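Coordinates from upload_6.cif are shown below (mmCIF, C-alpha atoms).
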data_coords
#
loop_
_atom_site.label_atom_id
_atom_site.label_comp_id
_atom_site.auth_asym_id
_atom_site.auth_seq_id
_atom_site.Cartn_x
_atom_site.Cartn_y
_atom_site.Cartn_z
CA MET B 1 54.44 50.26 62.48
CA ILE B 2 53.79 52.24 59.33
CA LEU B 3 55.85 51.97 56.19
CA ARG B 4 55.70 54.86 53.77
CA LEU B 5 57.42 54.89 50.39
CA PHE B 6 58.26 58.24 48.84
CA SER B 7 59.57 59.14 45.42
CA LEU B 8 62.51 61.44 45.23
CA PHE B 9 62.63 63.15 41.83
CA LEU B 10 66.01 64.64 41.07
CA SER B 11 66.11 67.67 38.86
CA GLN B 12 69.03 69.52 37.33
CA GLN B 13 69.08 72.25 39.96
CA SER B 14 69.54 71.18 43.58
CA MET B 15 67.28 74.04 44.70
CA ALA B 16 64.22 72.43 43.19
CA MET B 17 64.76 69.10 44.92
CA ARG B 18 61.97 68.04 47.14
CA GLN B 19 63.16 66.85 50.52
CA THR B 20 61.64 63.89 52.29
CA PRO B 21 62.46 63.91 55.97
CA LEU B 22 62.80 60.87 58.18
CA THR B 23 59.78 60.94 60.46
CA CYS B 24 60.32 59.61 63.96
CA SER B 25 57.15 59.00 65.91
CA GLY B 26 56.73 57.36 69.27
CA HIS B 27 56.01 60.37 71.42
CA THR B 28 52.35 60.82 72.25
CA ARG B 29 52.41 64.54 73.04
CA PRO B 30 54.23 67.61 71.65
CA VAL B 31 58.00 67.46 71.45
CA VAL B 32 59.35 70.58 73.14
CA ASP B 33 63.11 70.18 73.24
CA LEU B 34 65.81 68.15 71.61
CA ALA B 35 69.58 67.93 71.85
CA PHE B 36 72.38 66.08 70.07
CA SER B 37 75.40 64.56 71.76
CA GLY B 38 78.89 65.03 70.37
CA ILE B 39 80.32 62.57 67.87
CA THR B 40 81.24 59.38 69.70
CA ALA B 41 82.79 56.08 68.62
CA TYR B 42 79.22 54.81 68.11
CA GLY B 43 78.08 57.78 66.04
CA TYR B 44 76.04 60.58 67.56
CA PHE B 45 72.80 60.52 69.49
CA LEU B 46 69.69 62.58 69.90
CA ILE B 47 67.48 63.05 72.95
CA SER B 48 63.97 64.47 72.76
CA ALA B 49 61.88 65.91 75.58
CA CYS B 50 58.15 65.51 75.32
CA LYS B 51 55.10 66.65 77.23
CA ASP B 52 54.22 62.99 77.79
CA GLY B 53 57.05 62.93 80.35
CA LYS B 54 59.00 60.18 78.56
CA PRO B 55 62.19 61.51 76.95
CA MET B 56 63.58 59.28 74.22
CA LEU B 57 67.09 58.51 73.09
CA ARG B 58 67.62 57.93 69.37
CA GLN B 59 70.50 57.14 67.06
CA GLY B 60 71.33 60.57 65.61
CA ASP B 61 71.87 59.74 61.95
CA THR B 62 69.00 57.31 61.39
CA GLY B 63 66.46 58.32 64.01
CA ASP B 64 66.25 54.72 65.26
CA TRP B 65 64.73 54.57 68.72
CA ILE B 66 67.21 53.29 71.29
CA GLY B 67 65.38 53.75 74.58
CA THR B 68 62.94 55.77 76.64
CA PHE B 69 63.81 57.28 80.00
CA LEU B 70 61.01 56.37 82.39
CA GLY B 71 60.59 58.06 85.72
CA HIS B 72 59.32 61.60 85.36
CA LYS B 73 55.84 62.24 86.69
CA GLY B 74 55.16 65.28 84.58
CA ALA B 75 55.86 66.78 81.16
CA ALA B 76 59.55 66.85 80.24
CA TRP B 77 60.46 70.40 79.22
CA GLY B 78 64.18 70.07 78.59
CA ALA B 79 66.61 67.33 77.75
CA THR B 80 70.32 67.18 77.08
CA LEU B 81 73.13 64.68 76.54
CA ASN B 82 76.75 65.02 77.52
CA THR B 83 79.36 65.06 74.76
CA GLU B 84 80.15 61.32 74.99
CA ALA B 85 76.45 60.40 75.21
CA THR B 86 77.07 58.51 78.44
CA LYS B 87 74.84 60.70 80.57
CA ALA B 88 71.51 62.36 79.94
CA ALA B 89 69.71 65.03 81.93
CA THR B 90 66.07 66.01 81.77
CA ALA B 91 64.00 68.86 83.23
CA ALA B 92 60.34 68.28 84.03
CA ALA B 93 57.11 69.74 85.26
CA ASP B 94 57.22 67.44 88.29
CA PHE B 95 59.62 70.01 89.85
CA THR B 96 62.65 67.77 89.35
CA ALA B 97 65.62 67.52 87.07
CA LYS B 98 66.95 64.00 86.60
CA VAL B 99 70.33 62.70 85.56
CA TRP B 100 70.32 59.37 83.73
CA ASP B 101 72.86 56.79 82.66
CA ALA B 102 72.39 57.02 78.88
CA VAL B 103 73.82 53.54 78.34
CA THR B 104 71.53 51.61 80.69
CA GLY B 105 68.62 54.05 80.86
CA GLU B 106 68.78 54.07 84.64
CA ASP B 107 67.62 57.02 86.69
CA VAL B 108 70.85 57.98 88.47
CA LEU B 109 69.96 61.19 90.26
CA THR B 110 66.82 63.19 91.03
CA LEU B 111 67.33 66.86 91.87
CA ALA B 112 64.35 68.45 93.57
CA HIS B 113 63.42 72.03 92.70
CA LYS B 114 60.78 74.40 93.95
CA HIS B 115 58.96 74.76 90.65
CA ILE B 116 58.84 73.45 87.07
CA VAL B 117 62.34 72.93 85.69
CA LYS B 118 62.73 74.03 82.08
CA SER B 119 66.39 73.72 81.13
CA VAL B 120 69.35 71.44 81.85
CA ASN B 121 72.91 71.65 80.55
CA PHE B 122 76.11 69.68 81.31
CA THR B 123 79.57 71.22 81.49
CA GLN B 124 82.05 69.84 78.98
CA ASP B 125 83.52 67.46 81.58
CA SER B 126 79.99 66.35 82.59
CA ASN B 127 80.78 67.08 86.23
CA HIS B 128 78.39 69.95 86.75
CA LEU B 129 74.76 70.41 85.76
CA LEU B 130 73.13 73.75 85.16
CA THR B 131 69.37 73.98 85.70
CA GLY B 132 66.86 76.77 85.25
CA GLY B 133 63.11 76.94 85.54
CA ASN B 134 60.02 78.66 86.80
CA ASP B 135 61.50 79.34 90.24
CA LYS B 136 63.60 82.08 88.56
CA LEU B 137 66.86 80.67 89.94
CA ILE B 138 69.84 79.38 88.02
CA ARG B 139 71.33 76.43 89.85
CA ILE B 140 74.66 74.67 89.51
CA TYR B 141 74.84 71.11 90.80
CA ASP B 142 78.13 69.33 91.44
CA LEU B 143 77.40 65.82 90.19
CA SER B 144 80.21 64.31 92.24
CA LYS B 145 78.50 65.66 95.40
CA PRO B 146 74.80 65.34 94.62
CA GLU B 147 73.63 65.72 98.23
CA ALA B 148 75.34 69.09 98.55
CA GLU B 149 73.21 72.20 98.09
CA PRO B 150 73.48 73.61 94.58
CA GLN B 151 74.96 77.04 93.98
CA GLU B 152 72.05 79.38 93.26
CA ILE B 153 72.14 82.47 91.07
CA PRO B 154 69.14 84.76 91.53
CA GLY B 155 68.42 87.78 89.38
CA HIS B 156 65.83 86.93 86.80
CA THR B 157 62.42 88.34 87.59
CA SER B 158 60.43 85.67 85.84
CA ALA B 159 60.61 82.06 84.67
CA ILE B 160 63.87 80.98 83.06
CA LYS B 161 63.46 79.33 79.70
CA LYS B 162 67.02 78.28 78.95
CA ALA B 163 70.33 78.27 80.82
CA LEU B 164 73.55 77.32 79.03
CA TRP B 165 77.22 77.09 79.91
CA CYS B 166 79.45 79.21 77.73
CA ASN B 167 82.99 80.51 77.35
CA ASN B 168 84.55 77.19 78.35
CA ASP B 169 82.10 76.72 81.23
CA LYS B 170 83.39 79.91 82.88
CA GLN B 171 80.20 81.81 82.17
CA ILE B 172 76.48 81.15 81.98
CA LEU B 173 73.91 82.46 79.51
CA SER B 174 70.27 82.53 80.53
CA ALA B 175 67.07 83.56 78.77
CA ALA B 176 63.89 84.22 80.71
CA ASP B 177 60.30 85.35 80.33
CA ASP B 178 61.30 88.70 81.84
CA LYS B 179 62.40 89.50 78.23
CA THR B 180 66.09 89.49 79.10
CA VAL B 181 69.08 87.38 78.21
CA ARG B 182 71.84 87.61 80.81
CA LEU B 183 75.47 86.61 80.84
CA TRP B 184 76.74 85.57 84.27
CA ASP B 185 80.19 84.94 85.61
CA ARG B 186 80.21 81.51 87.22
CA ASN B 187 82.54 82.35 90.11
CA SER B 188 81.22 85.74 91.12
CA THR B 189 77.60 84.85 90.17
CA GLU B 190 77.25 88.42 88.94
CA ALA B 191 75.41 89.36 85.77
CA VAL B 192 78.14 90.66 83.50
CA ARG B 193 75.88 91.68 80.60
CA THR B 194 72.15 91.93 80.04
CA LEU B 195 70.22 92.09 76.79
CA SER B 196 66.67 93.40 76.88
CA PHE B 197 64.01 92.71 74.30
CA ASP B 198 60.51 93.94 73.57
CA MET B 199 59.14 90.45 73.78
CA SER B 200 59.97 87.12 75.31
CA VAL B 201 62.85 85.19 73.80
CA SER B 202 61.53 81.90 72.40
CA SER B 203 64.83 80.03 72.16
CA MET B 204 68.57 80.30 72.55
CA GLU B 205 71.44 78.25 71.12
CA TYR B 206 75.11 78.63 71.94
CA ILE B 207 77.84 77.69 69.43
CA PRO B 208 81.17 77.37 71.29
CA ASP B 209 83.25 77.28 68.10
CA GLY B 210 83.15 80.92 67.09
CA GLU B 211 81.30 82.06 70.24
CA VAL B 212 77.97 82.70 68.54
CA LEU B 213 74.67 83.00 70.34
CA VAL B 214 71.47 82.37 68.34
CA ILE B 215 68.34 83.95 69.83
CA THR B 216 64.82 83.85 68.45
CA TYR B 217 61.95 86.16 69.34
CA GLY B 218 58.79 87.00 67.39
CA LYS B 219 59.61 86.55 63.71
CA THR B 220 63.27 87.40 64.22
CA ILE B 221 66.38 85.25 64.43
CA ALA B 222 69.22 87.22 65.98
CA PHE B 223 72.92 86.38 66.16
CA TYR B 224 75.10 87.76 68.93
CA ASN B 225 78.71 87.46 69.97
CA ALA B 226 78.44 85.18 73.00
CA LEU B 227 81.29 86.84 74.92
CA SER B 228 80.32 90.48 74.54
CA LEU B 229 76.64 90.08 73.69
CA ASP B 230 77.20 92.46 70.77
CA LEU B 231 74.67 92.05 67.99
CA ILE B 232 76.08 90.48 64.83
CA LYS B 233 72.94 90.47 62.69
CA THR B 234 69.20 89.85 62.68
CA VAL B 235 67.13 88.05 60.08
CA ASP B 236 63.35 88.19 59.75
CA ALA B 237 61.31 85.15 58.87
CA PRO B 238 57.84 84.95 57.30
CA ALA B 239 56.29 83.59 60.48
CA SER B 240 56.75 83.55 64.23
CA ILE B 241 59.85 81.49 64.99
CA HIS B 242 60.18 79.18 67.98
CA SER B 243 63.67 77.87 67.43
CA ALA B 244 66.69 78.27 65.16
CA SER B 245 70.03 76.54 64.72
CA LEU B 246 73.24 77.63 63.01
CA HIS B 247 75.18 75.15 60.89
CA PRO B 248 78.64 74.27 62.32
CA ASP B 249 80.33 75.78 59.24
CA LYS B 250 78.23 78.92 59.69
CA GLU B 251 77.10 78.96 56.08
CA PHE B 252 73.41 78.68 56.82
CA PHE B 253 70.91 78.35 59.58
CA VAL B 254 67.51 76.72 59.92
CA ALA B 255 64.46 77.94 61.77
CA GLY B 256 60.97 76.69 62.49
CA GLY B 257 57.89 78.08 64.16
CA ASP B 258 54.18 78.65 64.02
CA ASP B 259 53.52 77.99 60.33
CA PHE B 260 54.69 74.34 60.64
CA LYS B 261 57.47 74.91 58.08
CA LEU B 262 61.23 74.60 58.34
CA TYR B 263 63.12 77.51 56.81
CA LYS B 264 66.71 77.45 55.61
CA PHE B 265 68.55 80.77 55.29
CA ASP B 266 71.97 81.72 54.00
CA TYR B 267 73.87 83.10 57.00
CA SER B 268 75.98 85.62 55.07
CA THR B 269 73.35 87.00 52.72
CA LYS B 270 70.35 86.50 55.06
CA GLU B 271 68.46 85.21 52.04
CA GLU B 272 65.75 82.60 52.52
CA LEU B 273 67.00 79.58 50.54
CA GLU B 274 64.36 76.92 51.07
CA SER B 275 61.33 76.09 53.10
CA TYR B 276 60.05 72.62 53.83
CA LYS B 277 56.61 71.47 54.77
CA GLY B 278 56.15 68.27 56.68
CA HIS B 279 55.14 68.83 60.25
CA PHE B 280 51.46 68.91 61.19
CA GLY B 281 51.91 71.35 64.00
CA PRO B 282 54.10 74.28 65.09
CA VAL B 283 57.80 73.48 65.20
CA HIS B 284 59.10 73.85 68.75
CA CYS B 285 62.79 73.08 68.39
CA VAL B 286 65.39 72.72 65.66
CA ARG B 287 68.99 71.58 66.03
CA PHE B 288 71.81 70.75 63.65
CA SER B 289 73.64 67.46 64.16
CA PRO B 290 77.27 67.77 65.32
CA ASP B 291 78.56 66.91 61.82
CA GLY B 292 76.12 69.34 60.19
CA GLU B 293 74.81 66.70 57.76
CA LEU B 294 71.27 66.81 59.04
CA TYR B 295 69.03 68.80 61.35
CA ALA B 296 66.25 67.55 63.59
CA SER B 297 62.98 69.33 64.30
CA GLY B 298 60.50 68.60 67.09
CA SER B 299 56.89 69.62 66.75
CA GLU B 300 53.52 70.00 68.43
CA ASP B 301 52.44 67.01 66.29
CA GLY B 302 54.52 64.70 68.51
CA THR B 303 57.03 63.74 65.83
CA LEU B 304 60.67 64.49 65.24
CA ARG B 305 61.80 64.89 61.67
CA LEU B 306 65.35 64.56 60.42
CA TRP B 307 66.14 66.72 57.40
CA GLN B 308 69.16 66.51 55.13
CA THR B 309 71.37 69.56 54.90
CA ALA B 310 72.56 68.58 51.41
CA VAL B 311 69.43 67.14 49.81
CA GLY B 312 70.09 64.14 47.59
CA LYS B 313 73.36 63.21 49.23
CA THR B 314 73.85 59.64 50.40
CA TYR B 315 73.94 59.73 54.20
CA GLY B 316 72.37 57.62 56.91
CA LEU B 317 69.18 56.16 55.51
CA TRP B 318 69.08 58.52 52.52
CA LYS B 319 70.40 57.15 49.25
CA CYS B 320 71.34 59.18 46.21
CA ILE B 321 69.68 57.90 43.04
CA LEU B 322 71.14 59.01 39.71
CA PRO B 323 68.79 60.99 37.41
CA ALA B 324 68.71 58.12 34.87
CA GLU B 325 66.51 56.09 37.22
CA GLU B 326 63.40 57.66 38.64
CA LEU B 327 62.86 55.70 41.81
CA ALA B 328 61.78 55.50 45.37
CA SER B 329 64.82 55.37 47.58
CA GLU B 330 63.88 56.54 50.96
CA ILE B 331 62.37 54.95 53.94
CA SER B 332 60.35 56.89 56.43
CA GLU B 333 60.55 55.03 59.66
CA THR B 334 58.40 55.22 62.72
CA PRO B 335 59.85 53.83 65.93
CA TYR B 336 57.45 52.68 68.61
CA CYS B 337 57.61 53.32 72.31
CA THR B 338 58.07 50.04 74.13
CA ALA B 339 57.66 51.07 77.72
CA PRO B 340 56.64 47.70 79.12
CA GLU B 341 52.98 47.62 79.94
CA ILE B 342 52.20 45.82 83.11
CA LYS B 343 49.33 43.44 82.54
CA ALA B 344 48.44 42.28 86.01
CA MET T 1 43.08 37.65 107.95
CA SER T 2 42.38 40.28 105.31
CA ASN T 3 45.95 41.53 105.69
CA ASN T 4 47.35 38.12 104.77
CA SER T 5 45.19 37.80 101.69
CA ALA T 6 46.14 41.36 100.68
CA ASN T 7 49.82 40.48 101.12
CA SER T 8 49.52 37.27 99.15
CA SER T 9 47.60 38.96 96.32
CA ASN T 10 50.30 41.69 96.17
CA LEU T 11 52.84 38.90 95.92
CA VAL T 12 50.88 37.21 93.14
CA ILE T 13 50.54 40.52 91.25
CA ALA T 14 54.27 41.16 91.64
CA GLN T 15 55.09 37.65 90.40
CA LYS T 16 52.88 38.10 87.37
CA THR T 17 54.53 41.44 86.66
CA VAL T 18 58.01 39.90 86.83
CA LYS T 19 56.92 37.07 84.54
CA GLN T 20 55.47 39.54 82.02
CA LEU T 21 58.60 41.71 82.11
CA ARG T 22 60.80 38.65 81.55
CA LEU T 23 58.71 37.69 78.53
CA GLU T 24 58.96 41.20 77.14
CA ALA T 25 62.71 41.42 77.75
CA SER T 26 63.30 38.21 75.79
CA VAL T 27 61.52 39.48 72.65
CA ARG T 28 63.87 39.68 69.64
CA ARG T 29 64.44 43.29 68.69
CA ILE T 30 65.90 44.92 65.60
CA LYS T 31 66.35 48.56 64.69
CA VAL T 32 63.34 50.27 63.19
CA SER T 33 65.25 51.33 60.08
CA GLN T 34 66.20 47.68 59.57
CA ALA T 35 62.59 46.57 60.08
CA ALA T 36 61.37 49.17 57.59
CA ALA T 37 63.93 48.01 55.01
CA ASP T 38 62.92 44.35 55.55
CA LEU T 39 59.21 45.17 55.17
CA LYS T 40 59.88 47.10 51.98
CA THR T 41 61.93 44.20 50.51
CA PHE T 42 59.22 41.70 51.46
CA CYS T 43 56.50 43.76 49.81
CA LEU T 44 58.49 44.25 46.63
CA GLN T 45 59.51 40.58 46.40
CA ASN T 46 55.97 39.31 46.92
CA ALA T 47 54.28 41.90 44.73
CA HIS T 48 53.75 39.37 41.93
CA LYS T 49 51.69 37.17 44.30
CA ASP T 50 49.60 40.02 45.65
CA PRO T 51 45.94 39.77 44.48
CA LEU T 52 45.38 43.45 45.21
CA LEU T 53 48.14 44.40 42.78
CA MET T 54 47.85 41.62 40.22
CA GLY T 55 44.10 41.12 40.18
CA VAL T 56 42.20 37.89 40.82
CA PRO T 57 41.59 35.49 37.89
CA SER T 58 37.97 35.54 36.85
CA SER T 59 37.49 31.83 37.57
CA ASP T 60 38.33 32.27 41.26
CA ASN T 61 36.50 35.50 41.76
CA PRO T 62 33.21 34.91 43.63
CA PHE T 63 32.10 38.43 42.77
CA ARG T 64 32.58 38.18 39.01
CA PRO T 65 29.68 39.62 36.98
CA PRO T 66 27.31 36.71 36.17
CA LYS T 67 27.03 35.80 32.47
CA SER T 68 23.59 34.32 32.69
CA CYS T 69 20.92 33.78 35.29
CA ALA T 70 18.87 30.58 35.56
CA LEU T 71 15.36 30.65 36.92
CA PHE T 72 13.78 27.45 38.13
#
Re-express the file's structure as structure tokens.
Amino acid sequence: MILRLFSLFLSQQSMAMRQTPLTCSGHTRPVVDLAFSGITAYGYFLISACKDGKPMLRQGDTGDWIGTFLGHKGAAWGATLNTEATKAATAAADFTAKVWDAVTGEDVLTLAHKHIVKSVNFTQDSNHLLTGGNDKLIRIYDLSKPEAEPQEIPGHTSAIKKALWCNNDKQILSAADDKTVRLWDRNSTEAVRTLSFDMSVSSMEYIPDGEVLVITYGKTIAFYNALSLDLIKTVDAPASIHSASLHPDKEFFVAGGDDFKLYKFDYSTKEELESYKGHFGPVHCVRFSPDGELYASGSEDGTLRLWQTAVGKTYGLWKCILPAEELASEISETPYCTAPEIKA
Amino acid sequence: MSNNSANSSNLVIAQKTVKQLRLEASVRRIKVSQAAADLKTFCLQNAHKDPLLMGVPSSDNPFRPPKSCALF
């Protein structure tokens, strides 16, 4: 376990404040996906998918490691939690998606696929699971009847990167390597709208409150109306972006990509507000917490970092120190993976 | 019978595994953020006793520069 002490120097303008993120290590390979739960009676939680095949569950506001889901035999490409953080689902390169009990860590269900599974998403009532992967099919599993064949939606002509429920679980949004994003009606399984791009979409985020879709491709972060797929605006970043997330209040958004930095932009003016260095590798995923107070980033360097939205505010492990005292106040913590080693 | 000895060694391995897992499950655990805070407090409280921070008194230091050399 490593303890690092950092100094946080407060200046008169909040813009000039240096931000020290909470670094969460424990993963041994790149972190490729992360998701927050909703706000529960116990706070909110964070799940991270890693190429080491061992997704981890963490306390959302402190980054404290809670548990590791053991069972996948290949890299985990996608991970999600249900709103109450009672169930988790993961998508892996071992051609399966698994559903887990997030309270006990037990492997509840294994859903076999015909190729690498990349994306998993629960409906709001946690009764259905959406999966998408390299077999180009979107599948809907009824979790109350796991042995039943899933409903399959064909149409994409290459590997699906992300599949999300939208419009109150009545529709499905999917992004694939065929450079399209498609909106499907769940009942008719027809593609209602299609968006085509010049290059592959690197990530997609759906914000139910306000029906906004955040798509990243190349150096662009694009915002669409999730119901009509009409373009709202696009913003260009200084480097190739792998993932972006919009703040719940829609005042700003964050993005990260190839240059290892996290960028913060004003949503209305499209102006780049801040950029933060910290990661030692490309940033693969960025997500705001459900209360918008922090955002988490997962990187090729195997760490997750939690960043404050309002730097200097007292929240979680961050403490606000008044300018009169120049002091170290922040702890950077590094959880360890305690998958029991069998010493036979 | 080689099958019997294979079975019994599997059983022994399994028993050892269970014993090890029981030991590991009974380890006292605290949250990492709590552990980090405790470590930081410990370091700060014991800083005055830390020879690396406070220096070693010359009388105890075996590597102090010699004042004179005696030749016999």
### Message
With the PyMOL selection byres ((chain T) within 9 of (chain B)) as the selection, what would be picked from this file? Answer as a PyMOL selection string, please.
### Response
chain T and resi 13-14+16-17+20-21+24-25+31-33+35-37+39-40
Export, as a PDB file, in the coordinates of the input, the selected residues with C-alpha atoms.
ATOM      1  CA  ILE T  13      50.540  40.520  91.250  1.00  0.00           C
ATOM      2  CA  ALA T  14      54.270  41.160  91.640  1.00  0.00           C
ATOM      3  CA  LYS T  16      52.880  38.100  87.370  1.00  0.00           C
ATOM      4  CA  THR T  17      54.530  41.440  86.660  1.00  0.00           C
ATOM      5  CA  GLN T  20      55.470  39.540  82.020  1.00  0.00           C
ATOM      6  CA  LEU T  21      58.600  41.710  82.110  1.00  0.00           C
ATOM      7  CA  GLU T  24      58.960  41.200  77.140  1.00  0.00           C
ATOM      8  CA  ALA T  25      62.710  41.420  77.750  1.00  0.00           C
ATOM      9  CA  LYS T  31      66.350  48.560  64.690  1.00  0.00           C
ATOM     10  CA  VAL T  32      63.340  50.270  63.190  1.00  0.00           C
ATOM     11  CA  SER T  33      65.250  51.330  60.080  1.00  0.00           C
ATOM     12  CA  ALA T  35      62.590  46.570  60.080  1.00  0.00           C
ATOM     13  CA  ALA T  36      61.370  49.170  57.590  1.00  0.00           C
ATOM     14  CA  ALA T  37      63.930  48.010  55.010  1.00  0.00           C
ATOM     15  CA  LEU T  39      59.210  45.170  55.170  1.00  0.00           C
ATOM     16  CA  LYS T  40      59.880  47.100  51.980  1.00  0.00           C
TER      17      LYS T  40
END
### Message
One decimal, in Å: what's the spacing between atom CA of B:Trp100 and atom CA of B:Leu81?
### Response
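Between atom CA of B:Trp100 and atom CA of B:Leu81 the gap works out to 9.4 Å.
Atom pair atom CA of B:Ala89 / atom CA of B:Val192 has a distance of 27.0 Å (rounded to one decimal).
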### Message
Just the number, please: distance in Å from atom CA of B:Tyr295 to atom CA of B:His279, one decimal.
### Response
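Separating atom CA of B:Tyr295 from atom CA of B:His279 is a distance of 13.9 Å.
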### Task
Run the PyMOL selection byres ((chain B and resi 114) around 10) on the file and write out the hits as a list in words.
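After applying the PyMOL selection byres ((chain B and resi 114) around 10), what remains is Asp94, Phe95, Thr96, Ala112, His113, His115, Ile116, Val117, Gly133, Asn134, Asp135, Lys136 and Leu137 of chain B.
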For B:Asp259: contacts at 9 Å, only C-alpha atoms, fewer than 5 positions along chain excluded, given as a PDB file with C-alpha atoms, in the frame of the given file:
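Wrote selection.pdb, looks like this:
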ATOM      1  CA  PRO B 238      57.840  84.950  57.300  1.00  0.00           C
ATOM      2  CA  ALA B 239      56.290  83.590  60.480  1.00  0.00           C
ATOM      3  CA  SER B 240      56.750  83.550  64.230  1.00  0.00           C
ATOM      4  CA  ILE B 241      59.850  81.490  64.990  1.00  0.00           C
ATOM      5  CA  GLY B 281      51.910  71.350  64.000  1.00  0.00           C
ATOM      6  CA  PRO B 282      54.100  74.280  65.090  1.00  0.00           C
ATOM      7  CA  VAL B 283      57.800  73.480  65.200  1.00  0.00           C
TER       8      VAL B 283
END
### Message
Which residues would end up in the selection if the PyMOL selection byres ((chain B and resi 123-125) around 12) were applied here, given that I need the answer as JSON, numbers by chain?
### Response
{"B": [37, 38, 80, 81, 82, 83, 84, 85, 86, 87, 89, 120, 121, 122, 126, 127, 128, 129, 130, 131, 140, 141, 142, 143, 144, 163, 164, 165, 166, 167, 168, 169, 170, 171, 172, 186, 208]}
### Query
Restricting the calculation to only C-alpha atoms, which member of B:Lys219, B:Lys233, B:Arg139, B:Lys118 is positioned closest to B:Asp177?
B:Lys118
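Of the residues under consideration (B:Ile138, B:Pro146, B:Ala41, B:Asp61), B:Asp61 shows the shortest atom-to-atom contact distance to B:Gln308 when counting all atoms listed in the file.
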